[in-house]
Structures are given as C-alpha cells and as structure tokens.
2 protein chains.
Amino acid sequence: MKVKNLLVAQSGGPTAAINATLAGVVEQAMLSGFNGKIYGGIYGIKGILEENIQDIGKKLASTNDLELLASTPAAALGSCRFKLKEDAQLEQLIQIFRKFEIGYFVYIGGNDSMDTVNRLSAYCAKNNITDISIMGAPKTVDNDLRMTDHTPGFGSAAKFVAVTVSELMRDILVYDKPAVTIVEIMGRDAGWLTAAASLAKINGRAPQLIYLPEVAFDVEKFIADVKRELEKNPAVMVCVSEGIKLGDGRYVFEAGSSLVEKDVFGNAQLSGTASTLTKIVKDALGCKVRAIELNLLQRCASHIASDTDIKESKMLGAKAFAQAFLGISGEMAAIRRVSDSPYKIELVSVPVSQVANLAKEVPMDFLNEEKNNVSEKMTQYLLPLIQGERAIKYKHGLPRHMDLGVLYK
Amino acid sequence: MKVKNLLVAQSGGPTAAINATLAGVVEQAMLSGFNGKIYGGIYGIKGILEENIQDIGKKLASTNDLELLASTPAAALGSCRFKLKEDAQLEQLIQIFRKFEIGYFVYIGGNDSMDTVNRLSAYCAKNNITDISIMGAPKTVDNDLRMTDHTPGFGSAAKFVAVTVSELMRDILVYDKPAVTIVEIMGRDAGWLTAAASLAKINGRAPQLIYLPEVAFDVEKFIADVKRELEKNPAVMVCVSEGIKLGDGRYVFEAGSSLVEKDVFGNAQLSGTASTLTKIVKDALGCKVRAIELNLLQRCASHIASDTDIKESKMLGAKAFAQAFLGISGEMAAIRRVSDSPYKIELVSVPVSQVANLAKEVPMDFLNEEKNNVSEKMTQYLLPLIQGERAIKYKHGLPRHMDLGVLYK
C-alpha cells in the first residue's frame with residue numbers, strides 16, 4: 001500500500017493556542033502508526049495553492065520541541081485570510097495534494113477555515129475521492145464557533161483579559177478623583193471575550209459595567225449607568241466589545257462621529273469603540289476618561305496562557321488527526337462539556353457543515369437583567385477555561401519561543 | 001524616651017513594584033528595633049494633609065502578607081499627583097506629624113515626590129526640627145530619576161514591554177502581506193522603557209525600528225527607514241516613545257494634524273503618537289498599518305514582573321527606612337551598579353536635592369549610529385533588570401492580590 005503523507009496548516013487570526021493544536025496533530029501522527037511525511041502548508045491554504053509546502057516532521061521530532069511549540073504564540077506555519085473563490089481552486093488543491101501524496105489534511109482555523117474544510121471534503125465526496133481525509137481543528141479567541149463548547153485560544157485570551165483587567169482595576173483605584181476607564185476587548189459579533197473581564201471579581205475588584213455586541217447599545221442608558229457607578233466609587237471601569245452596535249444596527253465606532261460633539265475645527269477625533277465612548281462620557285459627565293484597547297495582546301499573550309486551554313487545544317489537534325487517520329472526512333474535532341464543576345469534557349467530532357460560516361452568540365441568560373454585566377451562568381461557563389498556568393521556559397528573562405524557520409526572515 | 005511612629009505613603013503613577021517598596025519599609029521596621037506604629041498615608045501627601053492616615057502595621061503582620069503585597073500591582077495606599085504649593089503646607093504637615101507622633105516619614109515616588117521630601121526635610125533643618133527623619137524611596141517606570149542606576153518599577157515594566165513585543169512579533173509575522181505595526185510605549189521625555197522593546201531579540205525577532213524622545217524625530221527619514229525595512233520583510237514593527245518630538249520641539253502627537261492628510265471630510269482622526277505615525281505611513285506607503293498602545297498595562301502587569309526589580313524595590317524600601325531610623329533625613333535610597341555581568345549592585349543613599357525635579361535621559365551612545373535603534377551598551381544596561389520571574393500565587397486562575405482595605409470600595 002502506498003505511503004500517504006499528512007498536510008497540516010493554520011489559518012485566520014493567530015492565537016496563543018493554535019501552535020498547541022499543531023503540536024497535537026504532529027504528536028498524534030508520531031504515535032498512531034502513521035508512517036508518512038508531515039508537511040506544513042505555509043501561510044495557510046493560500047500558501048498551499050502556491051505550493052509553499054515544507055517538511056516539518058524533522059523539525060518537531062523531540063518532546064521538548066513539541067512542548068516549546070505548544071507555548072509559542074501565533075501561527076508557526078504562518079496564516080492567511082483567504083476564502084476559496086471557485087471550484088477550480090478545489091481541483092487545483094487536489095492536484096497539489098496528489099503531487100505531495102497527501103492522504104490526510106488537517107486545517108486549523110475559525111469558521112472561514114471550516115468553510116474550506118467543508119467545500120474541499122464535499123468536493124472529494126462528489127468526485128469519489130476516497131483516499132484523502134480532510135478534517136478541521138477549531139481555533140478562535142472569539143469563541144464563536146458552533147458545535148463545540150468552546151474554542152482553542154479562547155481560554156488563554158480570556159485569562160489574559162481577566163488578569164489584565166484585574167491589574168488595571170488596581171491601577172485605576174489609586175486616585176480619589178472621579179475617572180472612568182473604558183477597556184475595548186476583541187469581539188466583532190460575539191461578546192464572549194469581553195465577558196471574561198468579569199472574572200476579575202475573583203480578586204475582589206471587577207469592572208462595574210460590561211457591554212456586549214449581542215445587546216443593542218443605548219447611549220443614554222450607558223451614560224446613566226456610568227453616572228450611577230461614579231456616585232458609588234470614583235474609579236469606574238467599563239469593558240466593551242469592539243463590536244457593540246446601536247439599535248439601528250450600526251457599530252458604535254462607525255456611528256462615532258454622529259454621536260459626539262465636534263471640536264472647534266469640526267473634527268471628531270475617533271478611531272475605535274472605546275475612544276468614541278470616551279468622548280461621549282467626557283461630554284456628558286465632564287470627568288477624566290481614558291480609553292484602553294487590549295488590541296493584539298489579548299490573542300498572543302502566551303506567557304499567561306491558560307494551561308487548560310493549551311492542553312485542550314493540543315488534544316483537539318490530536319483528535320482531528322486521529323479522525324483523519326480513521327478515514328473520516330468533512331468533520332471538525334470539538335469539545336462537549338459534561339459538567340462545570342467538577343469540570344469534565346468529552347472530545348467529539350462534528351459535521352463541519354454545521355460550523356462553517358455560522359457564529360455562536362452569547363445567550364441572553366448569560367447576562368444580568370440590566371444587560372450591563374454578566375450573570376452567574378456566564379461565570380460558571382468561563383471559570384474552568386482559565387484554570388492553570390503553563391510552566392513557561394525562560395531564557396535571559398523572556399519566555400522561549402519555537403521558530404520553525406519557515407516564515408519570512 | 002517617647003515612642004516614635006512611622007508614616008509611609010506612595011505617590012505618582014503606580015507601578016508593579018511600588019508595593020514591594022512598601023513591603024520593604026514595613027519589613028525593615030519590623031526587624032530593626034523600631035517599636036512604634038506603622039501608619040499609611042492614604043492617597044499620598046494629599047491624603048496626609050487631609051489626615052487620611054491609617055494604622056497598616058496590623059494588616060501586614062505576616063510574611064505571607066508582605067510577600068503577597070510585593071506581588072500586588074499599583075499603590076496599595078493610594079496615590080496622588082500633588083505638588084506642595086506653599087510653605088504653610090509644610091508647617092501643616094509637621095503639625096499633623098506631631099499629632100500622630102511621627103518620627104520617620106518614608107515617601108515612595110518619582111521626582112515630584114522627591115521634591116516633597118526635599119522641601120519638607122529642608123523645612124525641618126531650617127526650623128531645627130531634629131526628631132523627624134524624612135527619606136525618599138524611588139519609583140517610576142520611566143527610569144528617569146538621577147543619582148540611581150535605575151528605578152523600582154522600571155525592570156518590571158521593561159520585562160512586560162520586552163515579553164509583549166516579543167509575542168507581538170510572532171503575531172505580526174504570520175501573514176505574507178506587507179504590514180507595519182507601530183507600538184507606542186510610555187515615556188514622555190525619556191526613552192528607557194521604549195528601548196526595552198529591543199530585548200525581544202533574545203527570541204530572535206525584534207522590532208526593526210525604535211525611536212526615542214531624546215532624538216529629534218525626522219518624518220522623512222522615518223518613512224525611508226520603514227520603506228527600507230519593508231523591502232527586507234513584509235512584517236515591520238516600529239516601537240516609539242509616546243513623547244517623540246519633531247526638530248522644532250513639538251510632540252508628534254501635538255503636531256499630528258498638520259503632519260497628515262485630511263480625509264474627504266477635512267478630518268484628521270488622531271489621538272496619539274502611534275496613530276499619527278500610522279496615518280503618515282499609510283499615506284506615504286499605502287500598506288496596512290496598525291497602531292498598538294501598551295497604555296497602563298505596562299506599569300501594572302505584576303503577573304510578569306521582574307523578580308530582580310521586585311527584590312531590589314523591596315530592598316530600597318528597607319534601605320530608606322533603615323536610613324530614617326539612623327536619623328538621616330533629606331536623602332533617597334538608591335542603587336549604584338558595580339558591574340553588568342556578573343550583575344552586582346550596592347545600595348546607597350543620595351541627597352534628594354540632586355534628584356528632585358530633575359530627569360535622566362538616555363545617553364546618545366546607548367543608541368545606534370542611525371538613532372533608529374539601540375546600541376549594545378543599552379542591551380548590557382537593560383538585560384540584568386528583567387531577569388527572573390516571581391513565584392506568583394494563583395487563585396481560580398488569577399494572580400492573587402493584597403487589598404489593604406484603605407481605598408474607596
């Protein structure tokens with residue numbers, strides 16, 4: 001029987017855990033009886049179409065390498081934001097797979113990447129190509145994939161958000177003058193990551209107000225909320241998702257210039273959601289207001305990764321390869337939660353067609369009645385995901401990273 | 001002989017290490033033969049003037065408490081930004097000291113706070129008040145105090161900057177399309193903290209360009225620098241101090257709107273240094289550009305504090321109290337570096353008059369010839385300061401913090 005090779009690639013926005021999933025794919029291949037080559041597709045499906053395919057098996061041949069890779073942030077194989085355009089590209093991919101004798105393809109990514117897995121596996125099924133198994137492994141800090149309890153990368157991002165907000169709470173409490181701090185957190189359409197800011201309450205001081213994109217943002221109510229909190233404590237912290245929207249569907253950052261007063265030159269100096277809200281609060285309440293964007297830091301802070309997240313991310317990579325090795329195609333490795341406390345999960349495999357291009361929003365009962373903070377249900381859901389710290393290896397004061405040497409120098 | 005009490009307070013912008021200095025003051029008081037009360041001045045000298053003075057000795061009576069305090073970010077006693085206005089306030093302070101029977105006052109802060117120490121101790125000397133010793137303990141993430149090799153809080157902020165920039169470098173490398181990332185780092189007049197971004201080279205990938213406020217910023221040269229780097233690697237990272245200035249002395253963020261093209265509505269949407277430069281690069285080179293402000297995170301990220309910094313900060317608090325207990329007044333505890341490698345220091349005490357209201361800039365030979373990055377001298381200086389990690393205690397996934405219960409609830 002002909003030897004079949006494995007191709008693995010990463011896609012979409014990087015996370016602190018996507019390399020752990022890669023490590024899981026490689027480790028499972030090493031122990032499963034698989035005897036082909038392990039190829040990495042460099043810069044995702046876009047790189048694969050350009051035949052940027054490299055043998056990475058030799059670069060990851062030790063336990064130490066795999067451990068280090070699992071604690072290295074971002075995508076060691078590079079990434080892309082690329083949706084397959086036409087069926088001709090599917091045929092082109094299969095031809096490239098044939099050239100490199102690929103029998104197993106694992107694509108690690110979010111719902112766009114699951115679209116690729118879905119279309120490519122459907123194309124194979126339709127054309128009776130049965131010797132190539134195509135599996136998806138989930139990834140996204142937004143936690144908005146369906147059919148999985150949560151997504152690799154989310155727990156680490158949530159831990160960074162909770163730790164950082166907890167530290168910022170200490171920082172803003174030191175002055176006795178009224179001041180509002182508005183923290184902008186990733187999440188265009190789903191508020192999961194912003195909700196993680198609420199976990200700062202473990203340390204006794206949590207943001208007083210939290211607004212998610214799932215609830216229409218009411219500017220008047222927001223100002224009233226902030227005013228009421230300022231009367232209780234001079235240091236008020238508000239956490240908002242970048243994607244909060246007005247009742248008419250416009251993003252707050254889009255509507256920005258129409259919501260705030262212009263300066264004497266007619267300029268409205270805005271760039272994002274937090275800075276828009278900063279101006280709104282300053283105009284309405286006249287106190288000191290500061291905007292903080294957590295920006296890319298929240299998705300790449302592997303030094304404070306959740307050990308639970310990294311271990312689960314690795315397991316999902318392993319599961320995805322294990323399924324492919326069994327000949328299963330068109331599915332995604334996923335997590336089913338059995339219980340919150342004690343936290344128990346099962347690893348499952350779900351039809352990728354039920355994941356591709358869809359999104360999972362925060363349910364309304366995960367929020368409080370006022371919809372300006374989370375409910376206990378959200379806390380119970382989030383808490384297990386940020387547990388545990390990695391035993392990070394430091395070199396000269398910095399966490400060590402693994403560089404596969406496949407990206408631009 | 002009458003029992004004398006100790007008063008300790010914190011001032012200026014908080015850091016990840018200012019509580020370690022407080023822990024050092026308290027610990028030294030506990031072991032030195034001192035038998036008075038340990039009072040905290042809440043919200044700095046401003047709170048002391050309002051007699052917001054609380055007995056904190058009992059709250060910090062165990063080794064665990066002191067350890068936890070040393071790893072808690074921001075100022076546990078609160079802080080203020082407040083300069084003494086007139087001599088009447090000095091007299092008022094002495095009267096309050098008399099009321100609380102204060103014999104030792106340790107003020108932890110930056111060069112404004114050292115002005116307070118200087119004026120108050122001079123006032124005592126002039127008025128022949130010999131039974132109150134007034135000492136300063138340094139603090140500032142900016143590292144711009146004179147008469148000390150470096151300042152408490154700087155090493156931890158530098159470690160956060162180096163770790164974060166190292167992680168961001170991984171993140172921006174994943175795409176193969178040209179993109180420039182501009183990271184804005186604290187430092188209005190001194191570039192020390194921005195220079196710490198260069199330490200990411202320990203991980204093999206460092207920002208290609210670094211600009212400090214000590215060098216006049218040349219927009220044309222900057223664009224040429226970025227263009228040249230983009231030709232070598234599609235992912236270019238630029239780190240800038242918030243306080244970089246043009247040749248005419250204006251801050252770049254002030255000059256912003258005159259430097260960039262207006263949009264079709266005549267707006268120039270700017271808020272800070274990085275966002276101004278983002279617009280400049282976008283207009284000049286047309287590629288994707290992203291601004292990242294590290295903001296308050298860099299001064300409060302105690303979860304990734306430098307163990308060297310925390311230990312030295314504690315020692316400086318201890319030294320400040322030890323000097324006061326010897327009857328010394330009008331000085332500041334400081335660090336003299338004996339050697340870089342092996343790293344050796346001495347703890348000294350310096351006249352606070354030579355620190356107050358002055359600043360220490362980065363010397364020109366700590367930069368490269370082009371003045372768009374650091375030199376080896378800077379690396380040798382910075383490297384010892386970020387060494388070592390704290391054994392952080394976690395609770396439910398978050399680093400535990402100590403709350404003295406003296407600030408607004």
# chains A, B, ... in the order shown; residues from 1 in each chain; ligands from 1
$ closest_atom_pairs --of "chain B" --to "chain A" --cutoff "8 Å" --atoms "only C-alpha atoms" --output "CSV"
residue,atom,partner,partner_atom,distance
B:Pro14,CA,A:Asp171,CA,6.4
B:Tyr43,CA,A:Tyr175,CA,6.6
B:Pro73,CA,A:Glu167,CA,6.4
B:Ala74,CA,A:Asp171,CA,4.9
B:Ala75,CA,A:Val174,CA,6.0
B:Ala76,CA,A:Val174,CA,7.4
B:Leu77,CA,A:Val174,CA,7.4
B:Gly78,CA,A:Val174,CA,4.0
B:Ser79,CA,A:Val174,CA,5.2
B:Cys80,CA,A:Tyr175,CA,6.0
B:Lys159,CA,A:Gly397,CA,7.4
B:Ala162,CA,A:Leu398,CA,7.4
B:Val163,CA,A:Leu398,CA,5.9
B:Thr164,CA,A:Ala301,CA,7.0
B:Glu167,CA,A:Cys300,CA,5.9
B:Leu168,CA,A:Cys300,CA,6.7
B:Arg170,CA,A:Ala74,CA,5.7
B:Asp171,CA,A:Ala74,CA,4.9
B:Leu173,CA,A:Gly78,CA,7.2
B:Val174,CA,A:Gly78,CA,4.0
B:Tyr175,CA,A:Ser79,CA,5.6
B:Asp176,CA,A:Tyr43,CA,7.1
B:Ala200,CA,A:Leu398,CA,7.7
B:Ile202,CA,A:His396,CA,7.1
B:Asn203,CA,A:Arg400,CA,6.4
B:Asn233,CA,A:Tyr408,CA,6.2
B:Pro234,CA,A:Tyr408,CA,7.6
B:Gly266,CA,A:Asn267,CA,7.6
B:Asn267,CA,A:Asn267,CA,5.2
B:Ala268,CA,A:Gln269,CA,7.1
B:Gln269,CA,A:Gln269,CA,4.7
B:Leu270,CA,A:Gln269,CA,5.8
B:Ser271,CA,A:Gln269,CA,6.7
B:Ile292,CA,A:Asn295,CA,6.6
B:Glu293,CA,A:Glu293,CA,7.4
B:Leu294,CA,A:Leu294,CA,8.0
B:Asn295,CA,A:Ile292,CA,6.6
B:Leu296,CA,A:Leu168,CA,7.2
B:Leu297,CA,A:Leu168,CA,6.9
B:Cys300,CA,A:Glu167,CA,5.9
B:Ala301,CA,A:Glu167,CA,6.4
B:Ser302,CA,A:Glu167,CA,7.5
B:His303,CA,A:Val163,CA,8.0
B:Ser306,CA,A:Gly397,CA,7.9
B:Leu383,CA,A:His396,CA,7.5
B:Ile386,CA,A:Gly397,CA,5.6
B:Gln387,CA,A:Gly397,CA,4.5
B:Gly388,CA,A:Gly397,CA,5.9
B:Glu389,CA,A:Gly397,CA,7.6
B:Lys395,CA,A:Ile202,CA,7.6
B:His396,CA,A:Gln387,CA,6.3
B:Gly397,CA,A:Gln387,CA,4.5
B:Leu398,CA,A:Val163,CA,5.9
B:Pro399,CA,A:Val163,CA,7.1
B:Arg400,CA,A:Asn203,CA,6.5
B:His401,CA,A:Asn203,CA,6.5
B:Leu407,CA,A:Leu173,CA,7.3
B:Tyr408,CA,A:Asn233,CA,6.2
B:Lys409,CA,A:Asn233,CA,6.6
$ select_by_dssp --residues "region 91-154 of chain B" --states "helix (DSSP H, G or I)" --output "PyMOL selection string"
chain B and resi 91-99+111-126+154
$ write_last_selection --atoms "N, CA and C atoms" --output "compact mmCIF listing (two decimals), in the first residue's frame"
# COMPACT_ATOMS: atom_id res chain seq x y z
N GLU B 91 4.33 73.49 57.13
CA GLU B 91 4.04 73.64 58.56
C GLU B 91 2.84 72.77 58.97
N GLN B 92 1.83 72.75 58.08
CA GLN B 92 0.64 71.93 58.34
C GLN B 92 1.00 70.46 58.44
N LEU B 93 1.88 70.02 57.53
CA LEU B 93 2.33 68.62 57.57
C LEU B 93 3.02 68.29 58.89
N ILE B 94 3.90 69.20 59.33
CA ILE B 94 4.63 68.95 60.58
C ILE B 94 3.66 68.87 61.76
N GLN B 95 2.64 69.72 61.73
CA GLN B 95 1.63 69.66 62.81
C GLN B 95 0.89 68.31 62.80
N ILE B 96 0.58 67.84 61.60
CA ILE B 96 -0.08 66.53 61.51
C ILE B 96 0.87 65.42 61.98
N PHE B 97 2.15 65.55 61.61
CA PHE B 97 3.16 64.57 62.08
C PHE B 97 3.20 64.57 63.61
N ARG B 98 3.15 65.76 64.20
CA ARG B 98 3.17 65.87 65.68
C ARG B 98 1.96 65.17 66.28
N LYS B 99 0.81 65.41 65.65
CA LYS B 99 -0.43 64.83 66.16
C LYS B 99 -0.35 63.30 66.18
N ASN B 111 10.17 62.01 40.71
CA ASN B 111 10.89 63.25 41.03
C ASN B 111 10.02 64.36 41.60
N ASP B 112 8.71 64.32 41.33
CA ASP B 112 7.82 65.26 42.03
C ASP B 112 7.77 64.94 43.53
N SER B 113 7.69 63.64 43.83
CA SER B 113 7.62 63.24 45.23
C SER B 113 8.93 63.54 45.95
N MET B 114 10.04 63.44 45.22
CA MET B 114 11.33 63.77 45.82
C MET B 114 11.43 65.27 46.11
N ASP B 115 10.69 66.05 45.36
CA ASP B 115 10.58 67.48 45.66
C ASP B 115 9.92 67.67 47.03
N THR B 116 8.88 66.89 47.30
CA THR B 116 8.22 66.95 48.61
C THR B 116 9.20 66.58 49.73
N VAL B 117 9.93 65.50 49.52
CA VAL B 117 10.92 65.05 50.52
C VAL B 117 11.96 66.15 50.74
N ASN B 118 12.40 66.71 49.64
CA ASN B 118 13.43 67.75 49.69
C ASN B 118 12.96 68.98 50.47
N ARG B 119 11.78 69.46 50.13
CA ARG B 119 11.27 70.68 50.77
C ARG B 119 10.92 70.44 52.24
N LEU B 120 10.34 69.28 52.51
CA LEU B 120 9.94 69.00 53.89
C LEU B 120 11.17 68.82 54.78
N SER B 121 12.18 68.12 54.27
CA SER B 121 13.39 67.92 55.09
C SER B 121 14.16 69.24 55.26
N ALA B 122 14.17 70.06 54.21
CA ALA B 122 14.84 71.36 54.31
C ALA B 122 14.11 72.26 55.34
N TYR B 123 12.78 72.16 55.30
CA TYR B 123 11.97 72.93 56.25
C TYR B 123 12.31 72.52 57.69
N CYS B 124 12.44 71.21 57.91
CA CYS B 124 12.79 70.71 59.25
C CYS B 124 14.17 71.22 59.67
N ALA B 125 15.13 71.12 58.75
CA ALA B 125 16.50 71.55 59.06
C ALA B 125 16.52 73.03 59.42
N LYS B 126 15.82 73.84 58.64
CA LYS B 126 15.78 75.29 58.84
C LYS B 126 15.15 75.64 60.18
N PHE B 154 10.77 50.04 36.96
CA PHE B 154 11.24 50.06 35.58
C PHE B 154 11.51 48.65 35.06
$ closest_residue --among "A:Lys371, A:Val355, A:Val219, A:Ala23" --to "Glu67 (chain A)" --atoms "only C-alpha atoms"
A:Ala23
$ atom_distance --atom1 "CA of Pro178 (chain B)" --atom2 "CA of Val240 (chain B)"
19.7 Å
$ closest_residue --among "B:Val338, B:Ile45, B:Val106, B:Val362" --to "Phe82 (chain B)" --atoms "only C-alpha atoms"
B:Ile45
$ residues_around --residues "Pro152 (chain B)" --least-positions-apart "6" --cutoff "9 Å" --atoms "only C-alpha atoms" --output "compact mmCIF listing (two decimals) with all heavy atoms, in the first residue's frame"
# COMPACT_ATOMS: atom_id res chain seq x y z
N THR B 15 3.06 51.54 39.87
CA THR B 15 3.90 50.59 39.13
C THR B 15 3.63 49.19 39.67
O THR B 15 2.90 49.03 40.65
CB THR B 15 5.40 50.89 39.31
OG1 THR B 15 5.80 50.46 40.62
CG2 THR B 15 5.73 52.36 39.17
N ALA B 16 4.29 48.21 39.06
CA ALA B 16 4.17 46.83 39.55
C ALA B 16 5.04 46.61 40.77
O ALA B 16 4.98 45.55 41.39
CB ALA B 16 4.55 45.86 38.44
N ALA B 17 5.87 47.60 41.14
CA ALA B 17 6.87 47.38 42.20
C ALA B 17 6.72 48.32 43.39
O ALA B 17 7.40 48.14 44.40
CB ALA B 17 8.28 47.54 41.62
N ILE B 18 5.84 49.30 43.33
CA ILE B 18 5.77 50.30 44.41
C ILE B 18 5.26 49.66 45.71
O ILE B 18 5.63 50.09 46.80
CB ILE B 18 4.94 51.54 43.98
CG1 ILE B 18 5.07 52.68 45.01
CG2 ILE B 18 3.51 51.21 43.71
CD1 ILE B 18 4.52 54.01 44.54
N ALA B 20 6.10 46.60 46.55
CA ALA B 20 7.26 45.87 47.07
C ALA B 20 8.10 46.81 47.93
O ALA B 20 8.64 46.41 48.97
CB ALA B 20 8.09 45.30 45.91
N THR B 21 8.22 48.06 47.49
CA THR B 21 8.97 49.04 48.28
C THR B 21 8.27 49.28 49.62
O THR B 21 8.92 49.36 50.67
CB THR B 21 9.12 50.35 47.48
OG1 THR B 21 9.76 50.04 46.23
CG2 THR B 21 9.97 51.36 48.23
N ALA B 137 12.06 57.10 48.78
CA ALA B 137 12.35 55.83 48.10
C ALA B 137 11.88 55.99 46.66
O ALA B 137 10.77 56.45 46.41
CB ALA B 137 11.63 54.67 48.77
N PRO B 138 12.75 55.66 45.69
CA PRO B 138 12.44 55.96 44.29
C PRO B 138 11.39 55.04 43.70
O PRO B 138 11.17 53.93 44.19
CB PRO B 138 13.78 55.76 43.59
CG PRO B 138 14.51 54.76 44.43
CD PRO B 138 14.06 55.01 45.84
N LYS B 139 10.77 55.50 42.66
CA LYS B 139 9.75 54.75 41.92
C LYS B 139 9.49 55.45 40.61
O LYS B 139 9.28 56.66 40.62
CB LYS B 139 8.45 54.70 42.72
CG LYS B 139 7.26 54.14 42.00
CD LYS B 139 6.13 55.10 41.63
CE LYS B 139 6.50 56.45 41.08
NZ LYS B 139 5.46 57.06 40.23
N THR B 140 9.56 54.78 39.51
CA THR B 140 8.99 55.24 38.25
C THR B 140 9.31 54.27 37.14
O THR B 140 10.44 53.81 37.00
CB THR B 140 9.48 56.65 37.82
OG1 THR B 140 9.03 56.88 36.48
CG2 THR B 140 10.97 56.81 37.84
N VAL B 141 8.30 53.92 36.35
CA VAL B 141 8.52 53.05 35.20
C VAL B 141 9.35 53.75 34.13
O VAL B 141 9.91 53.11 33.26
CB VAL B 141 7.19 52.56 34.56
CG1 VAL B 141 6.43 51.69 35.54
CG2 VAL B 141 6.33 53.72 34.07
N ASN B 143 12.14 55.30 34.52
CA ASN B 143 13.57 55.14 34.80
C ASN B 143 14.35 56.45 34.64
O ASN B 143 15.53 56.44 34.32
CB ASN B 143 14.18 54.08 33.86
CG ASN B 143 15.52 53.57 34.37
OD1 ASN B 143 15.71 53.39 35.57
ND2 ASN B 143 16.46 53.36 33.47
N ASP B 309 13.64 43.22 39.83
CA ASP B 309 13.03 44.51 40.13
C ASP B 309 12.29 44.47 41.47
O ASP B 309 12.45 45.37 42.31
CB ASP B 309 12.07 44.90 38.99
CG ASP B 309 11.36 46.23 39.24
OD1 ASP B 309 11.99 47.15 39.80
OD2 ASP B 309 10.18 46.35 38.86
N ILE B 310 11.48 43.45 41.66
CA ILE B 310 10.67 43.38 42.89
C ILE B 310 11.59 43.27 44.11
O ILE B 310 11.39 43.96 45.12
CB ILE B 310 9.67 42.19 42.84
CG1 ILE B 310 8.70 42.35 41.66
CG2 ILE B 310 8.91 42.06 44.16
CD1 ILE B 310 7.80 43.56 41.70
N GLU B 312 14.79 44.23 44.39
CA GLU B 312 15.51 45.49 44.58
C GLU B 312 14.59 46.58 45.12
O GLU B 312 15.00 47.41 45.95
CB GLU B 312 16.14 45.95 43.26
CG GLU B 312 17.32 45.09 42.82
CD GLU B 312 17.95 45.56 41.52
OE1 GLU B 312 17.34 46.40 40.82
OE2 GLU B 312 19.04 45.07 41.20
N SER B 313 13.34 46.58 44.63
CA SER B 313 12.39 47.60 45.09
C SER B 313 12.13 47.44 46.58
O SER B 313 12.04 48.43 47.33
CB SER B 313 11.06 47.45 44.33
OG SER B 313 11.27 47.63 42.95
N LYS B 314 12.03 46.18 47.01
CA LYS B 314 11.83 45.90 48.42
C LYS B 314 13.06 46.36 49.22
O LYS B 314 12.94 47.00 50.28
CB LYS B 314 11.58 44.40 48.59
CG LYS B 314 10.92 44.03 49.89
CD LYS B 314 10.53 42.57 49.94
CE LYS B 314 10.14 42.22 51.38
NZ LYS B 314 9.98 40.78 51.57
N LEU B 316 15.13 48.68 48.51
CA LEU B 316 15.23 50.14 48.57
C LEU B 316 14.27 50.72 49.61
O LEU B 316 14.58 51.71 50.28
CB LEU B 316 14.97 50.76 47.20
CG LEU B 316 16.14 50.61 46.22
CD1 LEU B 316 15.71 50.97 44.81
CD2 LEU B 316 17.34 51.47 46.65
$ closest_residue --among "B:Val161, B:Leu326, B:Ala356, B:Val226" --to "Leu285 (chain B)" --atoms "only C-alpha atoms"
B:Val226
$ select_by_dssp --residues "region 129-340 of chain A" --states "strand (DSSP E or B)" --output "NGL selection string"
:A and (133-138 or 179-185 or 209-211 or 217 or 235-241 or 245-246 or 251 or 288-293 or 306 or 331-339)
$ atom_distance --atom1 "CA of Glu214 (chain A)" --atom2 "CA of Val289 (chain B)"
29.1 Å
